[in-house]
file input.txt (compact mmCIF, C-alpha atoms)
# COMPACT_ATOMS: atom_id res chain seq x y z
CA MET A 4 -11.93 -16.00 -24.45
CA ALA A 5 -11.63 -14.07 -27.73
CA ARG A 6 -8.59 -11.96 -28.34
CA LEU A 7 -9.03 -8.34 -27.28
CA VAL A 8 -6.83 -5.55 -28.60
CA LEU A 9 -6.50 -2.18 -26.87
CA HIS A 10 -5.57 -0.08 -29.88
CA ASP A 11 -3.61 3.16 -30.28
CA THR A 12 -2.85 3.75 -26.64
CA ALA A 13 0.14 4.97 -24.64
CA LEU A 14 2.06 2.89 -22.11
CA ALA A 15 3.69 3.78 -18.77
CA ASP A 16 5.00 1.03 -16.51
CA GLY A 17 7.24 2.85 -14.03
CA THR A 18 10.53 1.85 -15.67
CA SER A 19 11.10 4.96 -17.77
CA ALA A 20 10.37 8.67 -17.72
CA SER A 21 9.32 8.43 -21.38
CA LEU A 22 5.77 7.61 -22.41
CA LYS A 23 5.43 5.03 -25.20
CA THR A 24 2.81 6.21 -27.69
CA GLY A 25 1.19 4.62 -30.73
CA MET A 26 1.00 1.23 -29.04
CA SER A 27 -1.44 -1.67 -29.01
CA LEU A 28 -1.83 -4.40 -26.41
CA ALA A 29 -3.53 -7.76 -26.96
CA ILE A 30 -5.24 -9.82 -24.28
CA GLU A 31 -5.82 -13.55 -24.78
CA ASP A 32 -6.93 -16.15 -22.25
CA GLY A 33 -6.65 -13.59 -19.47
CA LYS A 34 -3.02 -12.77 -20.23
CA ILE A 35 -1.11 -10.10 -22.10
CA ALA A 36 -0.44 -11.83 -25.43
CA TRP A 37 1.70 -9.08 -26.93
CA ILE A 38 2.55 -5.37 -26.77
CA ARG A 39 3.44 -3.84 -30.13
CA PRO A 40 3.53 -0.59 -32.10
CA ASN A 41 0.28 0.04 -33.94
CA ASP A 42 1.77 -0.64 -37.37
CA SER A 43 2.75 -4.19 -36.40
CA ALA A 44 -0.36 -5.06 -34.39
CA ASP A 45 -2.29 -8.07 -35.69
CA MET A 46 -5.98 -7.41 -35.12
CA THR A 47 -7.31 -10.26 -37.26
CA GLY A 48 -10.38 -11.73 -35.61
CA ALA A 49 -9.93 -9.62 -32.48
CA GLU A 50 -12.35 -7.42 -30.62
CA VAL A 51 -10.74 -4.01 -30.94
CA ILE A 52 -11.15 -1.32 -28.28
CA ASP A 53 -10.31 2.21 -29.37
CA ALA A 54 -8.03 3.32 -26.55
CA GLY A 55 -6.92 6.49 -28.27
CA GLY A 56 -5.77 9.16 -25.86
CA ALA A 57 -5.61 6.80 -22.91
CA THR A 58 -2.52 5.47 -21.14
CA ILE A 59 -2.22 1.89 -19.97
CA VAL A 60 -0.57 1.50 -16.56
CA PRO A 61 -0.18 -1.63 -14.44
CA ALA A 62 -2.93 -2.21 -11.91
CA MET A 63 -1.79 -0.61 -8.67
CA VAL A 64 -0.68 -2.14 -5.37
CA ASP A 65 -1.79 -0.54 -2.10
CA CYS A 66 0.92 -1.79 0.25
CA HIS A 67 -0.55 -0.20 3.38
CA SER A 68 -4.27 -0.77 3.71
CA HIS A 69 -6.83 -1.71 6.34
CA LEU A 70 -9.72 -3.37 4.55
CA THR A 71 -12.08 -3.68 7.52
CA MET A 72 -11.94 -0.02 8.50
CA GLN A 73 -13.57 2.96 6.83
CA GLY A 74 -11.21 5.87 7.48
CA GLY A 75 -12.38 9.44 7.94
CA SER A 76 -11.83 11.71 10.93
CA HIS A 77 -13.23 9.10 13.37
CA TRP A 78 -11.19 6.19 12.02
CA ILE A 79 -9.94 5.08 15.45
CA GLN A 80 -13.43 4.78 16.95
CA ARG A 81 -14.68 2.92 13.89
CA GLY A 82 -12.28 0.09 14.68
CA ASP A 83 -14.58 -0.76 17.61
CA ASP A 84 -17.62 -1.27 15.36
CA PRO A 85 -19.22 -4.76 15.50
CA PRO A 86 -17.51 -7.47 13.41
CA ALA A 87 -20.46 -7.72 11.01
CA VAL A 88 -20.19 -4.01 10.30
CA LEU A 89 -16.45 -4.24 9.74
CA ARG A 90 -16.92 -7.19 7.36
CA GLN A 91 -19.35 -5.13 5.28
CA VAL A 92 -16.93 -2.21 5.29
CA ALA A 93 -14.35 -4.59 3.82
CA ARG A 94 -16.73 -5.60 1.04
CA ASP A 95 -17.41 -1.99 0.18
CA ASN A 96 -13.73 -1.08 0.33
CA ALA A 97 -12.78 -3.98 -1.94
CA LYS A 98 -15.13 -2.74 -4.66
CA ARG A 99 -13.81 0.81 -4.36
CA LEU A 100 -10.25 -0.39 -4.76
CA ALA A 101 -10.94 -2.26 -7.98
CA GLN A 102 -12.88 0.66 -9.43
CA ALA A 103 -9.85 2.88 -8.75
CA GLY A 104 -7.48 0.49 -10.54
CA ILE A 105 -6.00 -0.99 -7.35
CA LEU A 106 -5.96 -4.78 -7.73
CA TRP A 107 -3.59 -5.73 -4.93
CA ALA A 108 -4.23 -4.90 -1.28
CA ARG A 109 -1.69 -5.64 1.43
CA ASP A 110 -3.66 -5.38 4.66
CA VAL A 111 -1.43 -4.45 7.59
CA GLY A 112 -3.77 -4.60 10.56
CA ALA A 113 -7.32 -5.46 11.50
CA PRO A 114 -9.41 -5.98 14.63
CA SER A 115 -10.07 -9.54 15.77
CA ALA A 116 -13.18 -11.44 16.77
CA ASP A 117 -12.87 -14.41 19.14
CA GLY A 118 -9.09 -14.19 18.83
CA VAL A 119 -9.02 -14.39 15.02
CA PRO A 120 -8.22 -11.36 12.82
CA LEU A 121 -11.25 -10.43 10.74
CA THR A 122 -9.20 -10.04 7.58
CA ILE A 123 -8.56 -13.78 7.33
CA ALA A 124 -12.26 -14.35 6.63
CA VAL A 125 -12.32 -11.25 4.41
CA ARG A 126 -9.49 -12.67 2.31
CA GLU A 127 -11.17 -16.06 1.98
CA GLU A 128 -14.52 -14.51 1.08
CA HIS A 129 -12.99 -12.54 -1.80
CA LYS A 130 -10.52 -15.14 -3.06
CA GLY A 131 -10.98 -15.84 -6.77
CA LYS A 132 -13.66 -13.20 -7.27
CA SER A 133 -13.59 -10.60 -10.01
CA GLY A 134 -13.98 -6.91 -9.36
CA VAL A 135 -12.14 -7.01 -6.05
CA PRO A 136 -8.40 -6.90 -5.31
CA TYR A 137 -6.15 -9.82 -4.55
CA MET A 138 -5.44 -9.69 -0.81
CA ARG A 139 -2.62 -10.55 1.56
CA VAL A 140 -3.28 -9.89 5.22
CA ALA A 141 -1.22 -9.39 8.36
CA GLY A 142 -3.83 -10.14 11.01
CA THR A 143 -3.84 -7.82 13.99
CA TRP A 144 -1.17 -5.50 15.35
CA ILE A 145 1.58 -6.83 17.63
CA GLY A 146 2.71 -4.16 20.06
CA LYS A 147 4.49 -3.62 23.35
CA THR A 148 2.69 -4.52 26.55
CA GLY A 149 0.59 -1.49 27.49
CA TYR A 150 -1.37 -1.12 24.26
CA PRO A 151 -5.15 -1.74 24.14
CA ASP A 152 -6.78 -5.15 24.32
CA MET A 153 -7.71 -5.18 20.63
CA TRP A 154 -3.99 -5.66 19.93
CA VAL A 155 -1.69 -8.58 20.62
CA THR A 156 0.70 -7.22 23.24
CA THR A 157 3.97 -8.68 24.42
CA ASP A 158 7.55 -7.94 25.42
CA ASP A 159 10.87 -9.10 23.95
CA ASP A 160 10.57 -12.62 25.35
CA GLY A 161 7.24 -13.24 23.67
CA LEU A 162 7.71 -11.40 20.39
CA LYS A 163 8.75 -14.37 18.24
CA ASP A 164 5.92 -16.57 19.53
CA ALA A 165 3.39 -13.79 19.02
CA ALA A 166 4.54 -13.37 15.42
CA LEU A 167 4.39 -17.08 14.68
CA HIS A 168 0.97 -17.35 16.29
CA GLN A 169 -0.37 -14.86 13.75
CA LEU A 170 0.90 -17.14 10.98
CA ASP A 171 -0.64 -20.15 12.72
CA LEU A 172 -4.00 -18.37 12.56
CA GLY A 173 -3.62 -18.10 8.79
CA THR A 174 -2.12 -14.67 8.09
CA ASP A 175 0.17 -14.02 5.13
CA LEU A 176 2.48 -11.61 6.93
CA VAL A 177 3.07 -10.12 10.37
CA LYS A 178 2.67 -6.51 11.49
CA ILE A 179 4.77 -5.29 14.42
CA TYR A 180 4.23 -1.86 15.96
CA MET A 181 7.62 -0.28 16.63
CA ASP A 182 6.34 2.70 18.62
CA ALA A 183 6.17 2.28 22.38
CA PRO A 184 2.98 3.04 24.35
CA GLY A 185 2.45 6.49 25.81
CA GLY A 186 4.43 8.41 23.23
CA VAL A 187 7.77 7.01 24.43
CA LYS A 188 10.28 7.43 21.61
CA ASP A 189 12.58 4.55 22.53
CA SER A 190 12.12 1.35 20.55
CA PRO A 191 9.65 -1.02 22.22
CA PHE A 192 11.64 -4.10 21.19
CA SER A 193 15.34 -4.87 20.92
CA VAL A 194 17.26 -5.71 17.76
CA VAL A 195 17.90 -9.22 19.08
CA ALA A 196 14.22 -9.92 19.75
CA LEU A 197 12.99 -8.41 16.50
CA ARG A 198 15.63 -10.19 14.44
CA ALA A 199 14.70 -13.53 16.03
CA ALA A 200 11.03 -12.89 15.22
CA ALA A 201 11.81 -11.83 11.65
CA ASP A 202 14.07 -14.85 11.06
CA ALA A 203 11.38 -17.20 12.33
CA VAL A 204 8.73 -15.60 10.13
CA HIS A 205 11.03 -15.71 7.10
CA LYS A 206 11.64 -19.42 7.65
CA ARG A 207 7.89 -19.87 7.28
CA GLY A 208 7.98 -18.06 3.93
CA ALA A 209 6.22 -14.96 5.27
CA ARG A 210 7.23 -11.33 5.77
CA VAL A 211 7.38 -8.74 8.53
CA ALA A 212 6.06 -5.19 8.28
CA CYS A 213 7.02 -2.71 11.00
CA HIS A 214 5.12 0.46 11.80
CA SER A 215 7.58 3.21 12.70
CA GLY A 216 6.81 6.73 13.81
CA TYR A 217 10.07 7.41 15.66
CA LEU A 218 13.73 7.08 14.82
CA ASP A 219 14.73 4.42 17.36
CA GLY A 220 12.04 1.99 16.25
CA ALA A 221 13.10 2.51 12.64
CA ARG A 222 16.75 1.93 13.54
CA VAL A 223 15.95 -1.35 15.27
CA SER A 224 13.73 -2.46 12.37
CA ALA A 225 16.46 -1.71 9.83
CA GLU A 226 19.16 -3.50 11.80
CA ALA A 227 16.90 -6.50 12.43
CA GLY A 228 16.34 -6.98 8.71
CA VAL A 229 12.55 -6.87 8.55
CA ASP A 230 10.91 -6.58 5.12
CA SER A 231 9.43 -3.10 5.35
CA ILE A 232 9.23 -0.01 7.48
CA GLU A 233 5.76 1.47 7.25
CA HIS A 234 5.39 5.28 7.36
CA GLY A 235 9.03 5.93 8.32
CA MET A 236 8.27 9.29 9.88
CA GLU A 237 11.78 9.64 11.32
CA LEU A 238 14.67 8.20 9.32
CA ASP A 239 18.27 9.39 9.36
CA ASP A 240 21.06 8.58 6.92
CA ASP A 241 22.51 5.78 9.05
CA THR A 242 19.13 4.08 9.33
CA CYS A 243 18.53 4.42 5.60
CA ARG A 244 21.92 2.91 4.84
CA ALA A 245 21.04 -0.02 7.10
CA MET A 246 17.73 -0.39 5.27
CA LYS A 247 19.53 -0.51 1.94
CA ARG A 248 22.11 -2.96 3.24
CA ASN A 249 19.51 -5.33 4.68
CA GLY A 250 16.95 -5.04 1.89
CA VAL A 251 14.34 -3.24 4.00
CA MET A 252 11.80 -1.34 1.90
CA LEU A 253 10.06 1.89 2.86
CA VAL A 254 6.28 2.13 2.49
CA SER A 255 5.30 5.78 2.30
CA THR A 256 1.92 7.04 3.54
CA LEU A 257 2.15 10.77 2.84
CA SER A 258 -1.56 11.13 2.13
CA VAL A 259 -2.31 10.70 5.83
CA PHE A 260 -0.88 14.17 6.48
CA ALA A 261 -2.72 15.67 3.53
CA SER A 262 -5.91 14.12 4.88
CA TRP A 263 -5.33 15.55 8.36
CA GLU A 264 -4.77 18.98 6.83
CA THR A 265 -8.21 18.83 5.23
CA PHE A 266 -9.74 17.98 8.62
CA ALA A 267 -8.57 21.38 9.89
CA ARG A 268 -11.29 22.79 7.63
CA THR A 269 -13.90 20.05 7.55
CA THR A 270 -14.11 18.99 11.22
CA THR A 271 -14.36 20.56 14.66
CA ILE A 272 -11.93 18.07 16.22
CA ASP A 273 -9.35 19.92 18.30
CA ARG A 274 -6.36 17.77 17.32
CA PHE A 275 -6.84 18.93 13.72
CA THR A 276 -8.26 22.44 14.12
CA SER A 277 -6.32 24.00 17.01
CA PRO A 278 -3.11 25.96 16.35
CA GLU A 279 -1.20 23.42 18.45
CA GLY A 280 -2.68 20.51 16.51
CA ARG A 281 -1.87 22.07 13.16
CA GLU A 282 1.70 22.79 14.25
CA ARG A 283 2.16 19.22 15.46
CA ILE A 284 0.91 17.81 12.16
CA ALA A 285 3.12 20.18 10.17
CA LYS A 286 6.23 19.08 12.10
CA ARG A 287 5.45 15.38 11.64
CA LYS A 288 4.83 15.97 7.95
CA GLU A 289 8.11 17.85 7.54
CA GLY A 290 10.00 15.03 9.24
CA THR A 291 8.35 12.38 7.09
CA TYR A 292 9.16 14.18 3.85
CA ALA A 293 12.79 14.57 5.00
CA SER A 294 12.89 10.85 5.80
CA LEU A 295 11.65 9.98 2.33
CA THR A 296 14.41 12.13 0.83
CA ALA A 297 17.01 10.36 2.97
CA ALA A 298 15.68 6.94 1.93
CA ARG A 299 15.81 7.86 -1.75
CA ARG A 300 19.34 9.24 -1.32
CA ALA A 301 20.45 5.93 0.20
CA GLY A 302 18.90 3.90 -2.62
CA VAL A 303 16.15 2.34 -0.49
CA THR A 304 13.35 0.82 -2.55
CA ILE A 305 10.18 2.83 -1.98
CA ALA A 306 6.72 1.31 -2.20
CA THR A 307 3.60 3.14 -1.19
CA GLY A 308 0.25 2.77 0.47
CA SER A 309 -2.70 4.95 1.34
CA ASP A 310 -3.17 3.74 4.94
CA PHE A 311 -6.89 3.81 4.19
CA GLY A 312 -9.09 2.68 7.04
CA GLY A 313 -6.41 2.32 9.67
CA GLY A 314 -5.60 5.94 8.99
CA SER A 315 -7.88 8.73 7.91
CA VAL A 316 -7.73 8.21 4.15
CA ARG A 317 -10.58 6.44 2.33
CA ALA A 318 -10.27 3.33 0.18
CA GLY A 319 -9.35 3.86 -3.45
CA HIS A 320 -7.27 7.01 -2.98
CA LEU A 321 -3.81 5.62 -3.77
CA ALA A 322 -3.48 8.12 -6.65
CA TRP A 323 -3.25 10.82 -3.99
CA GLU A 324 -0.15 9.13 -2.63
CA VAL A 325 1.47 9.11 -6.07
CA GLU A 326 0.80 12.84 -6.43
CA LEU A 327 2.38 13.52 -3.05
CA LEU A 328 5.45 11.41 -3.82
CA VAL A 329 6.07 13.67 -6.80
CA ASP A 330 5.59 16.71 -4.58
CA ALA A 331 8.17 15.15 -2.24
CA GLY A 332 10.78 15.01 -4.99
CA LEU A 333 10.33 11.70 -6.81
CA GLU A 334 10.14 11.72 -10.58
CA PRO A 335 6.62 10.82 -11.79
CA TYR A 336 7.82 7.47 -13.15
CA GLU A 337 9.44 6.67 -9.78
CA ALA A 338 6.19 7.51 -8.00
CA LEU A 339 4.28 5.29 -10.42
CA ALA A 340 6.79 2.49 -9.75
CA ALA A 341 6.22 2.87 -6.00
CA ALA A 342 2.50 2.24 -6.54
CA THR A 343 3.01 -0.62 -9.01
CA ARG A 344 6.14 -2.75 -9.48
CA ASN A 345 7.84 -1.84 -6.19
CA GLY A 346 4.62 -2.58 -4.37
CA GLY A 347 4.37 -5.88 -6.20
CA LYS A 348 7.88 -6.79 -5.07
CA LEU A 349 6.93 -6.22 -1.44
CA TYR A 350 3.57 -7.92 -1.90
CA GLY A 351 5.48 -10.96 -3.11
CA VAL A 352 3.99 -11.64 -6.56
CA ASP A 353 6.40 -11.29 -9.47
CA HIS A 354 3.89 -9.95 -12.00
CA ALA A 355 2.04 -7.62 -9.59
CA GLY A 356 2.37 -4.04 -10.80
CA HIS A 357 3.99 -5.06 -14.11
CA LEU A 358 3.02 -4.98 -17.78
CA ASP A 359 4.71 -8.03 -19.26
CA GLU A 360 3.83 -10.31 -22.14
CA GLY A 361 2.66 -13.71 -20.96
CA GLN A 362 1.59 -12.40 -17.54
CA PRO A 363 -1.98 -11.89 -16.26
CA ALA A 364 -3.68 -8.89 -17.84
CA ASP A 365 -4.20 -6.81 -14.71
CA LEU A 366 -4.07 -3.28 -16.05
CA VAL A 367 -5.71 0.13 -16.00
CA LEU A 368 -6.46 2.74 -18.65
CA VAL A 369 -6.32 6.31 -17.45
CA HIS A 370 -7.07 9.58 -19.21
CA GLY A 371 -3.86 11.52 -19.61
CA ASP A 372 -0.13 11.08 -19.10
CA PRO A 373 0.83 10.00 -15.55
CA LEU A 374 4.50 10.63 -16.38
CA SER A 375 3.89 14.36 -16.66
CA ASP A 376 0.69 14.65 -14.61
CA PRO A 377 0.33 12.11 -11.79
CA ARG A 378 -3.26 13.28 -11.30
CA ALA A 379 -4.07 11.22 -14.40
CA LEU A 380 -4.19 8.18 -12.10
CA TRP A 381 -7.40 9.58 -10.60
CA ARG A 382 -8.99 9.55 -14.07
CA VAL A 383 -9.59 5.83 -14.41
CA TRP A 384 -11.40 4.89 -17.61
CA ALA A 385 -11.21 1.10 -17.55
CA VAL A 386 -9.83 -1.65 -15.31
CA TYR A 387 -9.03 -5.15 -16.57
CA GLN A 388 -8.52 -8.03 -14.16
CA ARG A 389 -7.20 -11.28 -15.59
CA GLY A 390 -8.22 -9.92 -18.97
CA ALA A 391 -11.86 -9.15 -18.10
CA ARG A 392 -13.11 -5.61 -17.73
CA VAL A 393 -14.24 -5.03 -14.14
CA ALA A 394 -14.61 -1.24 -14.11

call {"tool": "encode", "arguments": {"input": "input.txt", "output": "structure tokens"}}
result
Amino acid sequence: MARLVLHDTALADGTSASLKTGMSLAIEDGKIAWIRPNDSADMTGAEVIDAGGATIVPAMVDCHSHLTMQGGSHWIQRGDDPPAVLRQVARDNAKRLAQAGILWARDVGAPSADGVPLTIAVREEHKGKSGVPYMRVAGTWIGKTGYPDMWVTTDDDGLKDAALHQLDLGTDLVKIYMDAPGGVKDSPFSVVALRAAADAVHKRGARVACHSGYLDGARVSAEAGVDSIEHGMELDDDTCRAMKRNGVMLVSTLSVFASWETFARTTTIDRFTSPEGRERIAKRKEGTYASLTAARRAGVTIATGSDFGGGSVRAGHLAWEVELLVDAGLEPYEALAAATRNGGKLYGVDHAGHLDEGQPADLVLVHGDPLSDPRALWRVWAVYQRGARVA
């Protein structure tokens, strides 16, 4: 592959609040060969792309996605669509992600067919292909006995075996639902049971993601030392300190609330349009934003995800999450880091979400400065995957 130089661009990688301008980046053999100021860039024999006015950012990592589901106001019902339909939804979603500059998707829950999570086949179908994200998948949800049949349901005694069975089926990680059935706010599993499950999964080289809508489930997850708390709608200072102490990351999904707020105007569904429904959403949103503030105060590492498909958001809208993280009090570079390098850390690939010489050239050019205007991440001009332009 000939050397390609992206000339006279700006750089933002989530490590600094300052934009680097007057830069050039060379791609050779699918990797970033060098990053240099324009006046020291060697363009001899290279194909030169005029990137003036654009900013290069790392390709993004959606740490909370549901590839087989389409999102929208009927997202729950759509999970019951036939497997062939859900597989096609995954194909369409994968293309949308790449076009939006999202080249890593961490799938945290999918329906199953004949006892096997659909995302395993989705991952294998897309492995090695260009123009679609790299994928790691959790299989289906593991929840407390009492949840619907499409889930794997168990109690404390069976939690570890249920988690390991997901890995036996071929998943990359395990998703445990730490809200109890019926709106009960007590944790569905004990610290002892969850820690035993997490330890067993870690011994297999895999990770554990825990959905948490209520404080007690978050507390148990933090004390058990899982890898991530997803959503984290209720976190207090003690729980956040335990997260920091045990290396538990927070995956924010603020765009879910913003999406629900739009449904108050675009749907006739009572849970979104009624005064009671709006008030309920507003309270949950307020609590989630407060939880994010507490996590940041405690020094918890924050990654982010859109919750597309399994929530109401659509695929490819991770930029919305970055905007909302800034609204919630993060500096723009911190929000960018949540969607890039922090997400890559949780995903488990060292170069994911980074711009480093010698590493695969997975990067995005956007129009504008995401360190002063996070909306620039919506304005994707070009996407390079392993050095080849895919969008």

call {"tool": "residues_around", "arguments": {"input": "input.txt", "residues": "Gln362 of chain A", "least_positions_apart": "3", "cutoff": "12 Å", "atoms": "all atoms listed in the file", "output": "number ranges by chain"}}
result
A: 29-38, 61, 352-359, 365-366, 388-390

call {"tool": "atom_distance", "arguments": {"input": "input.txt", "atom1": "atom CA of Val119 of chain A", "atom2": "atom CA of Leu172 of chain A"}}
result
6.9 Å

call {"tool": "residues_around", "arguments": {"input": "input.txt", "residues": "Arg210 of chain A", "least_positions_apart": "3", "cutoff": "8 Å", "atoms": "all atoms listed in the file", "output": "PyMOL selection string"}}
result
chain A and resi 175-177+201+204-205+229-230

call {"tool": "closest_residue", "arguments": {"input": "input.txt", "among": "A:Thr156, A:Thr24, A:Thr18, A:Gln91", "to": "Gly371 of chain A", "atoms": "only C-alpha atoms"}}
result
A:Thr24

call {"tool": "closest_residue", "arguments": {"input": "input.txt", "among": "A:Arg81, A:Arg287, A:Lys163, A:Lys132", "to": "Ala101 of chain A", "atoms": "all atoms listed in the file"}}
result
A:Lys132

call {"tool": "residues_around", "arguments": {"input": "input.txt", "residues": "Met246 of chain A", "least_positions_apart": "2", "cutoff": "9 Å", "atoms": "only C-alpha atoms", "output": "list of chain:residue names"}}
result
A:Arg222, A:Ser224, A:Ala225, A:Glu226, A:Gly228, A:Val229, A:Ser231, A:Ile232, A:Asp241, A:Thr242, A:Cys243, A:Arg244, A:Arg248, A:Asn249, A:Gly250, A:Val251, A:Met252, A:Leu253, A:Ala298, A:Ala301, A:Val303

call {"tool": "residues_near_point", "arguments": {"input": "input.txt", "point": "(-6.5, 17.6, 16.0)", "cutoff": "12 Å", "atoms": "all atoms listed in the file", "output": "ChimeraX atom specification"}}
result
/A:76-77,260,262-285

call {"tool": "residues_near_point", "arguments": {"input": "input.txt", "point": "(3.4, 3.6, -22.3)", "cutoff": "7 Å", "atoms": "all atoms listed in the file", "output": "list in words"}}
result
Ala13, Leu14, Ala15, Asp16, Leu22, Lys23, Thr24, Thr58 and Ile59 of chain A

call {"tool": "closest_residue", "arguments": {"input": "input.txt", "among": "A:Ala124, A:Ala113, A:Leu162, A:Ala62", "to": "Asp83 of chain A", "atoms": "all atoms listed in the file"}}
result
A:Ala113

call {"tool": "residues_around", "arguments": {"input": "input.txt", "residues": "Ile305 of chain A", "least_positions_apart": "5", "cutoff": "12 Å", "atoms": "only C-alpha atoms", "output": "number ranges by chain"}}
result
A: 66, 230-235, 243, 246-247, 250-256, 294-300, 325, 328, 333, 337-349

call {"tool": "axis_aligned_box", "arguments": {"input": "input.txt", "around": "segment 210-221 of chain A", "padding_each_side": "4 Å", "output": "JSON"}}
result
{"center_x": 9.9, "center_y": -2.0, "center_z": 11.6, "size_x": 17.6, "size_y": 26.7, "size_z": 19.6}
